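> Pasting a structure below so you can have a look.
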Amino acid sequence: MATPNRPWMGLLLLGVLGVLQTPAPTEAALQPNFEEDKFLGRWFTSGLASNSSWFLEKRKVLSMCKSEVAPAADGGLNVTSTFLRKDQCETRTLLLRPAGPPGCYSYTSPHWSSTHEVSVAETDYETYALLYTESVRGPGPDSLMATLYSRTQTPRAEVKEKFTTFARSLGFTEEGIVFLPKTAPGQAEVPIQADFDASQFQGPWYVVGAVSDDQGFLDAKDNMKMPVVLVTSLADGNLGIKFGFPTPDGGCQETDSTFTRGAVDGQFSNAAMAQTDIRVAFTDYQHFAVMYFETQKGGVRSTWLQLYASPDWEAGETSVSQCLPGPLPSPVPPPTLPPSPAPLLTVPLPSARAPELFPEGAQRMQELAPKVGLNPSQGVLLPKSDVCPAIVFMGEIVLSFHGWPPIISGENGPAPAM
């Protein structure tokens with residue numbers, strides 16, 4: 001595949017960076033009442049427009065760029081973009097500083113060291129955004145470019161038409177308007193479980209397998225044991241998360257955090273853990289879930305997949321799918337309740353047996369891994385720890401664990417669970 005030169009890499013970083021000489025007969029408007037928090041998250045650079053002869057020459061070798069927009073620590077936005085260069089995915093981060101009214105930012109070109117202004121002209125936050133940029137000072141030629149951001153790699157026809165109209169209003173010709181093709185390695189659009197229902201997803205899960213390109217994970221994965229996760233659906237659409245991590249000394253480290261709801265149901269982020277994109281990619285709610293994570297730490301982007309399995313709360317043996325071979329972990333002993341004097345109601349608690357690796361979940365994870373740039377050597381099937389389930393799950397005695405409805409017994413026989 002032909003590859004654009006380094007100045008064009010700067011352009012693709014934001015989808016609006018370049019050295020493009022173009023007159024601007026019409027000044028674009030600014031999105032009224034711009035809401036920066038709604039603009040955060042993942043965007044794809046789906047369209048570009050310019051009348052530059054250099055742009056027209058390179059337009060056929062350009063491809064789609066993926067960008068993660070996150071709040072910067074000292075204000076403004078960090079835009080971390082992944083693009084294809086020499087058939088390899090590369091990542092760059094650019095800082096956009098506030099420059100005037102909401103929706104207007106400035107940045108310094110990594111190639112020309114010149115200052116440019118980027119403005120969000122129009123957006124509905126959930127589907128598309130129209131941006132334009134212009135140079136304001138510094139070396140390098142004057143530039144102007146229009147950009148189409150879309151939440152998916154396949155923007156609807158009406159969105160493309162909206163961008164075409166926008167670009168024409170800025171004086172760009174039909175020849176200078178380009179809709180970019182998808183790229184392959186590391187650029188697959190990560191799915192989100194259709195019609196995601198947080199109320200069904202909540203409850204206890206085991207993390208039975210993981211794969212990541214994070215160096216810390218790769219160094220430690222062979223000595224890791226199975227974490228546990230207790231998920232709570234919150235009223236604001238967020239998820240309350242309680243993790244239990246087995247420690248080398250045989251203990252369990254508990255961590256509480258919040259997955260903040262994104263633009264789409266089933267998509268979240270966790271700023272405290274530098275997780276810019278969290279997705280419930282697949283789940284049947286009863287047996288498995290495939291989780292996707294992207295982290296940004298110290299300018300380094302890492303990709304993670306985790307396979308969740310629901311505890312087996314019923315008596316009997318469990319089986320392990322041959323899709324992810326590995327030793328069957330030993331079961332967790334049932335939790336022991338403290339004695340209480342003459343209880344009026346008795347709630348029979350289930351015992352948490354070794355989780356079953358559901359074949360569909362294992363297969364889904366195996367299929368998704370190469371699409372996000374991960375390979376089998378970066379993965380591990382985690383052995384179970386006996387400590388964390390008893391601590392984390394015992395902390396929340398609930399009356400429904402993924403389809404486990406207990407019967408509450410009283411003097412007059414069984415009563416329905418409340």
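Ligands are numbered from 1 in the order shown, chains are lettered A, B, ... in the order of the structure tokens, and residues start at 1 in each chain.
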Within 6 Å of range 282-297 of chain A, counting only C-alpha atoms, which residues qualify if same-chain residues fewer than 3 places away don't, as a PyMOL selection string?
chain A and resi 193+201+274-279+300-310+361+402
> As a PyMOL selection string, please: every residue in range 180-292 of chain A that DSSP puts in helix (DSSP H, G or I).
chain A and resi 198-201+215-223+271-273
> Those residues you just picked out, can you put them in a file as a CSV table (one decimal), in the first residue's frame with N, CA, C and O atoms?

chain,number,residue,atom,x,y,z
A,198,ALA,N,-28.3,-2.8,30.8
A,198,ALA,CA,-27.5,-2.8,32.0
A,198,ALA,C,-28.1,-3.6,33.1
A,198,ALA,O,-27.4,-4.2,33.9
A,199,SER,N,-29.4,-3.6,33.2
A,199,SER,CA,-30.1,-4.3,34.3
A,199,SER,C,-29.9,-5.8,34.2
A,199,SER,O,-29.8,-6.5,35.2
A,200,GLN,N,-29.7,-6.3,33.0
A,200,GLN,CA,-29.5,-7.7,32.8
A,200,GLN,C,-28.0,-8.0,33.0
A,200,GLN,O,-27.6,-9.1,33.4
A,201,PHE,N,-27.1,-7.0,32.7
A,201,PHE,CA,-25.7,-7.3,32.7
A,201,PHE,C,-25.1,-7.2,34.1
A,201,PHE,O,-24.1,-7.8,34.4
A,215,GLN,N,2.3,-3.8,27.9
A,215,GLN,CA,3.6,-4.5,28.3
A,215,GLN,C,3.6,-5.0,29.7
A,215,GLN,O,4.1,-6.1,30.0
A,216,GLY,N,2.9,-4.2,30.6
A,216,GLY,CA,2.8,-4.7,32.0
A,216,GLY,C,2.1,-6.0,32.1
A,216,GLY,O,2.4,-6.9,32.9
A,217,PHE,N,1.0,-6.1,31.3
A,217,PHE,CA,0.2,-7.3,31.3
A,217,PHE,C,1.0,-8.4,30.8
A,217,PHE,O,1.0,-9.6,31.3
A,218,LEU,N,1.7,-8.2,29.6
A,218,LEU,CA,2.5,-9.3,29.0
A,218,LEU,C,3.5,-9.8,29.9
A,218,LEU,O,3.8,-11.0,30.0
A,219,ASP,N,4.1,-8.9,30.7
A,219,ASP,CA,5.2,-9.3,31.7
A,219,ASP,C,4.6,-10.2,32.8
A,219,ASP,O,5.3,-11.0,33.4
A,220,ALA,N,3.4,-9.9,33.2
A,220,ALA,CA,2.8,-10.5,34.4
A,220,ALA,C,1.8,-11.6,34.2
A,220,ALA,O,1.4,-12.3,35.1
A,221,LYS,N,1.3,-11.8,32.9
A,221,LYS,CA,0.2,-12.6,32.7
A,221,LYS,C,0.3,-14.1,33.1
A,221,LYS,O,-0.6,-14.7,33.5
A,222,ASP,N,1.5,-14.6,33.0
A,222,ASP,CA,1.7,-16.0,33.4
A,222,ASP,C,1.6,-16.3,34.9
A,222,ASP,O,1.5,-17.4,35.3
A,223,ASN,N,1.7,-15.2,35.7
A,223,ASN,CA,1.5,-15.4,37.1
A,223,ASN,C,0.2,-14.8,37.6
A,223,ASN,O,0.0,-14.8,38.9
A,271,ALA,N,-12.2,7.4,33.4
A,271,ALA,CA,-11.1,8.3,33.5
A,271,ALA,C,-10.1,8.0,34.6
A,271,ALA,O,-8.8,8.1,34.4
A,272,ALA,N,-10.5,7.5,35.7
A,272,ALA,CA,-9.6,7.2,36.8
A,272,ALA,C,-8.6,6.1,36.5
A,272,ALA,O,-7.5,6.1,37.0
A,273,MET,N,-9.0,5.2,35.6
A,273,MET,CA,-8.1,4.1,35.1
A,273,MET,C,-7.6,4.3,33.7
A,273,MET,O,-7.0,3.4,33.2
> Report the distance between CA of Gly176 in chain A and CA of Thr108 in chain A in Å, rounded to one decimal place.
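So the two atoms, CA of Gly176 in chain A and CA of Thr108 in chain A, lie 24.6 Å apart.
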> Do a neighbour search on Gln253 in chain A at 12 Å with only C-alpha atoms, toss out local chain neighbours closer than 6 positions, and write the hits as a PDB file with all heavy atoms, in the first residue's frame.

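selection32.pdb, freshly written:
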ATOM      1  N   PRO A 227      -9.412 -12.598  38.218  1.00  0.00           N
ATOM      2  CA  PRO A 227     -10.118 -11.562  38.977  1.00  0.00           C
ATOM      3  C   PRO A 227     -11.626 -11.817  38.957  1.00  0.00           C
ATOM      4  O   PRO A 227     -12.135 -12.594  38.148  1.00  0.00           O
ATOM      5  CB  PRO A 227      -9.781 -10.265  38.228  1.00  0.00           C
ATOM      6  CG  PRO A 227      -8.666 -10.624  37.282  1.00  0.00           C
ATOM      7  CD  PRO A 227      -8.835 -12.067  36.980  1.00  0.00           C
ATOM      8  N   VAL A 228     -12.319 -11.152  39.838  1.00  0.00           N
ATOM      9  CA  VAL A 228     -13.778 -11.190  39.836  1.00  0.00           C
ATOM     10  C   VAL A 228     -14.307  -9.764  39.753  1.00  0.00           C
ATOM     11  O   VAL A 228     -13.637  -8.808  40.160  1.00  0.00           O
ATOM     12  CB  VAL A 228     -14.339 -11.892  41.088  1.00  0.00           C
ATOM     13  CG1 VAL A 228     -13.932 -13.355  41.104  1.00  0.00           C
ATOM     14  CG2 VAL A 228     -13.877 -11.202  42.365  1.00  0.00           C
ATOM     15  N   VAL A 229     -15.507  -9.624  39.221  1.00  0.00           N
ATOM     16  CA  VAL A 229     -16.112  -8.318  38.996  1.00  0.00           C
ATOM     17  C   VAL A 229     -17.562  -8.365  39.463  1.00  0.00           C
ATOM     18  O   VAL A 229     -18.296  -9.299  39.118  1.00  0.00           O
ATOM     19  CB  VAL A 229     -16.074  -7.918  37.510  1.00  0.00           C
ATOM     20  CG1 VAL A 229     -16.600  -6.496  37.324  1.00  0.00           C
ATOM     21  CG2 VAL A 229     -14.685  -8.057  36.932  1.00  0.00           C
ATOM     22  N   LYS A 242     -17.032  -3.212  41.117  1.00  0.00           N
ATOM     23  CA  LYS A 242     -16.181  -3.639  42.226  1.00  0.00           C
ATOM     24  C   LYS A 242     -15.311  -4.788  41.708  1.00  0.00           C
ATOM     25  O   LYS A 242     -15.820  -5.841  41.328  1.00  0.00           O
ATOM     26  CB  LYS A 242     -16.998  -4.091  43.423  1.00  0.00           C
ATOM     27  CG  LYS A 242     -16.139  -4.538  44.622  1.00  0.00           C
ATOM     28  CD  LYS A 242     -16.991  -5.105  45.739  1.00  0.00           C
ATOM     29  CE  LYS A 242     -17.765  -4.019  46.453  1.00  0.00           C
ATOM     30  NZ  LYS A 242     -16.869  -3.109  47.222  1.00  0.00           N
ATOM     31  N   PHE A 243     -13.999  -4.556  41.649  1.00  0.00           N
ATOM     32  CA  PHE A 243     -13.052  -5.569  41.201  1.00  0.00           C
ATOM     33  C   PHE A 243     -12.413  -6.242  42.403  1.00  0.00           C
ATOM     34  O   PHE A 243     -12.151  -5.600  43.426  1.00  0.00           O
ATOM     35  CB  PHE A 243     -11.940  -4.937  40.360  1.00  0.00           C
ATOM     36  CG  PHE A 243     -12.350  -4.587  38.964  1.00  0.00           C
ATOM     37  CD1 PHE A 243     -12.682  -3.281  38.640  1.00  0.00           C
ATOM     38  CD2 PHE A 243     -12.393  -5.554  37.968  1.00  0.00           C
ATOM     39  CE1 PHE A 243     -13.057  -2.941  37.354  1.00  0.00           C
ATOM     40  CE2 PHE A 243     -12.770  -5.221  36.680  1.00  0.00           C
ATOM     41  CZ  PHE A 243     -13.100  -3.916  36.362  1.00  0.00           C
ATOM     42  N   GLY A 244     -12.116  -7.511  42.246  1.00  0.00           N
ATOM     43  CA  GLY A 244     -11.298  -8.242  43.202  1.00  0.00           C
ATOM     44  C   GLY A 244     -10.122  -8.857  42.475  1.00  0.00           C
ATOM     45  O   GLY A 244     -10.300  -9.717  41.607  1.00  0.00           O
ATOM     46  N   PHE A 245      -8.901  -8.399  42.788  1.00  0.00           N
ATOM     47  CA  PHE A 245      -7.692  -8.866  42.119  1.00  0.00           C
ATOM     48  C   PHE A 245      -6.900  -9.771  43.061  1.00  0.00           C
ATOM     49  O   PHE A 245      -6.454  -9.312  44.117  1.00  0.00           O
ATOM     50  CB  PHE A 245      -6.813  -7.684  41.705  1.00  0.00           C
ATOM     51  CG  PHE A 245      -7.460  -6.748  40.731  1.00  0.00           C
ATOM     52  CD1 PHE A 245      -8.133  -5.620  41.179  1.00  0.00           C
ATOM     53  CD2 PHE A 245      -7.396  -6.989  39.371  1.00  0.00           C
ATOM     54  CE1 PHE A 245      -8.732  -4.746  40.292  1.00  0.00           C
ATOM     55  CE2 PHE A 245      -7.982  -6.125  38.472  1.00  0.00           C
ATOM     56  CZ  PHE A 245      -8.657  -5.006  38.923  1.00  0.00           C
ATOM     57  N   PRO A 246      -6.709 -11.041  42.725  1.00  0.00           N
ATOM     58  CA  PRO A 246      -5.858 -11.909  43.553  1.00  0.00           C
ATOM     59  C   PRO A 246      -4.425 -11.379  43.608  1.00  0.00           C
ATOM     60  O   PRO A 246      -3.862 -11.003  42.578  1.00  0.00           O
ATOM     61  CB  PRO A 246      -5.917 -13.260  42.835  1.00  0.00           C
ATOM     62  CG  PRO A 246      -7.161 -13.201  42.000  1.00  0.00           C
ATOM     63  CD  PRO A 246      -7.309 -11.769  41.587  1.00  0.00           C
ATOM     64  N   THR A 247      -3.842 -11.331  44.785  1.00  0.00           N
ATOM     65  CA  THR A 247      -2.483 -10.822  44.955  1.00  0.00           C
ATOM     66  C   THR A 247      -1.508 -11.987  45.122  1.00  0.00           C
ATOM     67  O   THR A 247      -1.908 -13.093  45.503  1.00  0.00           O
ATOM     68  CB  THR A 247      -2.403  -9.902  46.182  1.00  0.00           C
ATOM     69  OG1 THR A 247      -2.849 -10.633  47.338  1.00  0.00           O
ATOM     70  CG2 THR A 247      -3.296  -8.683  46.003  1.00  0.00           C
ATOM     71  N   VAL A 387      -9.942 -16.822  46.937  1.00  0.00           N
ATOM     72  CA  VAL A 387     -10.111 -15.772  47.944  1.00  0.00           C
ATOM     73  C   VAL A 387     -11.087 -14.696  47.493  1.00  0.00           C
ATOM     74  O   VAL A 387     -12.025 -14.344  48.209  1.00  0.00           O
ATOM     75  CB  VAL A 387      -8.743 -15.147  48.285  1.00  0.00           C
ATOM     76  CG1 VAL A 387      -8.925 -14.025  49.314  1.00  0.00           C
ATOM     77  CG2 VAL A 387      -7.798 -16.204  48.818  1.00  0.00           C
ATOM     78  N   CYS A 388     -10.879 -14.148  46.294  1.00  0.00           N
ATOM     79  CA  CYS A 388     -11.652 -12.975  45.876  1.00  0.00           C
ATOM     80  C   CYS A 388     -13.161 -13.202  45.761  1.00  0.00           C
ATOM     81  O   CYS A 388     -13.941 -12.345  46.167  1.00  0.00           O
ATOM     82  CB  CYS A 388     -11.097 -12.427  44.559  1.00  0.00           C
ATOM     83  SG  CYS A 388      -9.548 -11.514  44.769  1.00  0.00           S
ATOM     84  N   PRO A 389     -13.632 -14.338  45.207  1.00  0.00           N
ATOM     85  CA  PRO A 389     -15.080 -14.503  45.131  1.00  0.00           C
ATOM     86  C   PRO A 389     -15.758 -14.449  46.482  1.00  0.00           C
ATOM     87  O   PRO A 389     -16.816 -13.835  46.633  1.00  0.00           O
ATOM     88  CB  PRO A 389     -15.232 -15.885  44.472  1.00  0.00           C
ATOM     89  CG  PRO A 389     -13.967 -16.086  43.712  1.00  0.00           C
ATOM     90  CD  PRO A 389     -12.906 -15.430  44.532  1.00  0.00           C
ATOM     91  N   ILE A 391     -14.831 -12.843  49.066  1.00  0.00           N
ATOM     92  CA  ILE A 391     -14.790 -11.483  49.616  1.00  0.00           C
ATOM     93  C   ILE A 391     -15.707 -10.548  48.838  1.00  0.00           C
ATOM     94  O   ILE A 391     -16.554  -9.854  49.401  1.00  0.00           O
ATOM     95  CB  ILE A 391     -13.349 -10.949  49.610  1.00  0.00           C
ATOM     96  CG1 ILE A 391     -12.477 -11.753  50.561  1.00  0.00           C
ATOM     97  CG2 ILE A 391     -13.316  -9.472  49.972  1.00  0.00           C
ATOM     98  CD1 ILE A 391     -11.015 -11.371  50.546  1.00  0.00           C
ATOM     99  N   VAL A 392     -15.562 -10.521  47.518  1.00  0.00           N
ATOM    100  CA  VAL A 392     -16.296  -9.552  46.697  1.00  0.00           C
ATOM    101  C   VAL A 392     -17.768  -9.921  46.586  1.00  0.00           C
ATOM    102  O   VAL A 392     -18.651  -9.083  46.785  1.00  0.00           O
ATOM    103  CB  VAL A 392     -15.661  -9.451  45.298  1.00  0.00           C
ATOM    104  CG1 VAL A 392     -16.487  -8.529  44.397  1.00  0.00           C
ATOM    105  CG2 VAL A 392     -14.234  -8.937  45.402  1.00  0.00           C
TER     106      VAL A 392
END
> Enter the distance from CA of Phe259 in chain A to CA of Pro71 in chain A, in Å, rounded to one decimal.
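Going from CA of Phe259 in chain A over to CA of Pro71 in chain A covers 15.9 Å.
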> Please provide as a PyMOL selection string all residues within 9 Å of Pro102 in chain A, with the sequence filter that same-chain residues fewer than 2 positions apart are discarded (counting only C-alpha atoms).
chain A and resi 30-36+98-100+104-105+119-120
> Please, could you write that set of residues out with N, CA and C atoms as a short mmCIF file (atom, residue, chain, number, x, y, z; two decimals), in the first residue's frame?

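Wrote part-v3.cif, looks like this:
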data_model
loop_
_atom_site.label_atom_id
_atom_site.label_comp_id
_atom_site.auth_asym_id
_atom_site.auth_seq_id
_atom_site.Cartn_x
_atom_site.Cartn_y
_atom_site.Cartn_z
N LEU A 30 -20.31 28.31 13.87
CA LEU A 30 -19.88 27.55 15.03
C LEU A 30 -21.09 26.89 15.67
N GLN A 31 -20.96 25.65 16.11
CA GLN A 31 -22.08 24.93 16.72
C GLN A 31 -22.63 25.72 17.91
N PRO A 32 -23.91 26.12 17.85
CA PRO A 32 -24.49 26.87 18.98
C PRO A 32 -24.52 26.02 20.25
N ASN A 33 -24.24 26.66 21.36
CA ASN A 33 -24.32 26.00 22.68
C ASN A 33 -23.54 24.69 22.69
N PHE A 34 -22.32 24.74 22.18
CA PHE A 34 -21.49 23.53 22.09
C PHE A 34 -21.28 22.91 23.47
N GLU A 35 -21.49 21.58 23.56
CA GLU A 35 -21.35 20.84 24.82
C GLU A 35 -20.16 19.89 24.69
N GLU A 36 -19.05 20.28 25.26
CA GLU A 36 -17.80 19.54 25.09
C GLU A 36 -17.90 18.12 25.63
N PRO A 98 -8.43 25.46 24.37
CA PRO A 98 -9.56 26.36 24.13
C PRO A 98 -9.07 27.67 23.53
N ALA A 99 -9.81 28.17 22.54
CA ALA A 99 -9.41 29.40 21.84
C ALA A 99 -10.66 30.18 21.46
N GLY A 100 -11.28 30.81 22.45
CA GLY A 100 -12.46 31.60 22.14
C GLY A 100 -13.72 30.95 22.65
N CYS A 104 -14.37 26.08 19.86
CA CYS A 104 -13.24 26.63 19.11
C CYS A 104 -11.94 26.30 19.86
N TYR A 105 -10.96 25.73 19.14
CA TYR A 105 -9.71 25.30 19.75
C TYR A 105 -8.53 25.72 18.86
N SER A 119 -12.51 24.44 14.62
CA SER A 119 -13.83 24.77 15.15
C SER A 119 -14.83 23.68 14.78
N VAL A 120 -15.70 23.38 15.72
CA VAL A 120 -16.79 22.44 15.47
C VAL A 120 -17.96 23.26 14.93
#
> Give the answer as one residue: which of A:Cys252, A:Thr45, A:Val264, A:Thr164 has the shortest atom-to-atom distance to Ala194 in chain A, using only C-alpha atoms?
A:Val264
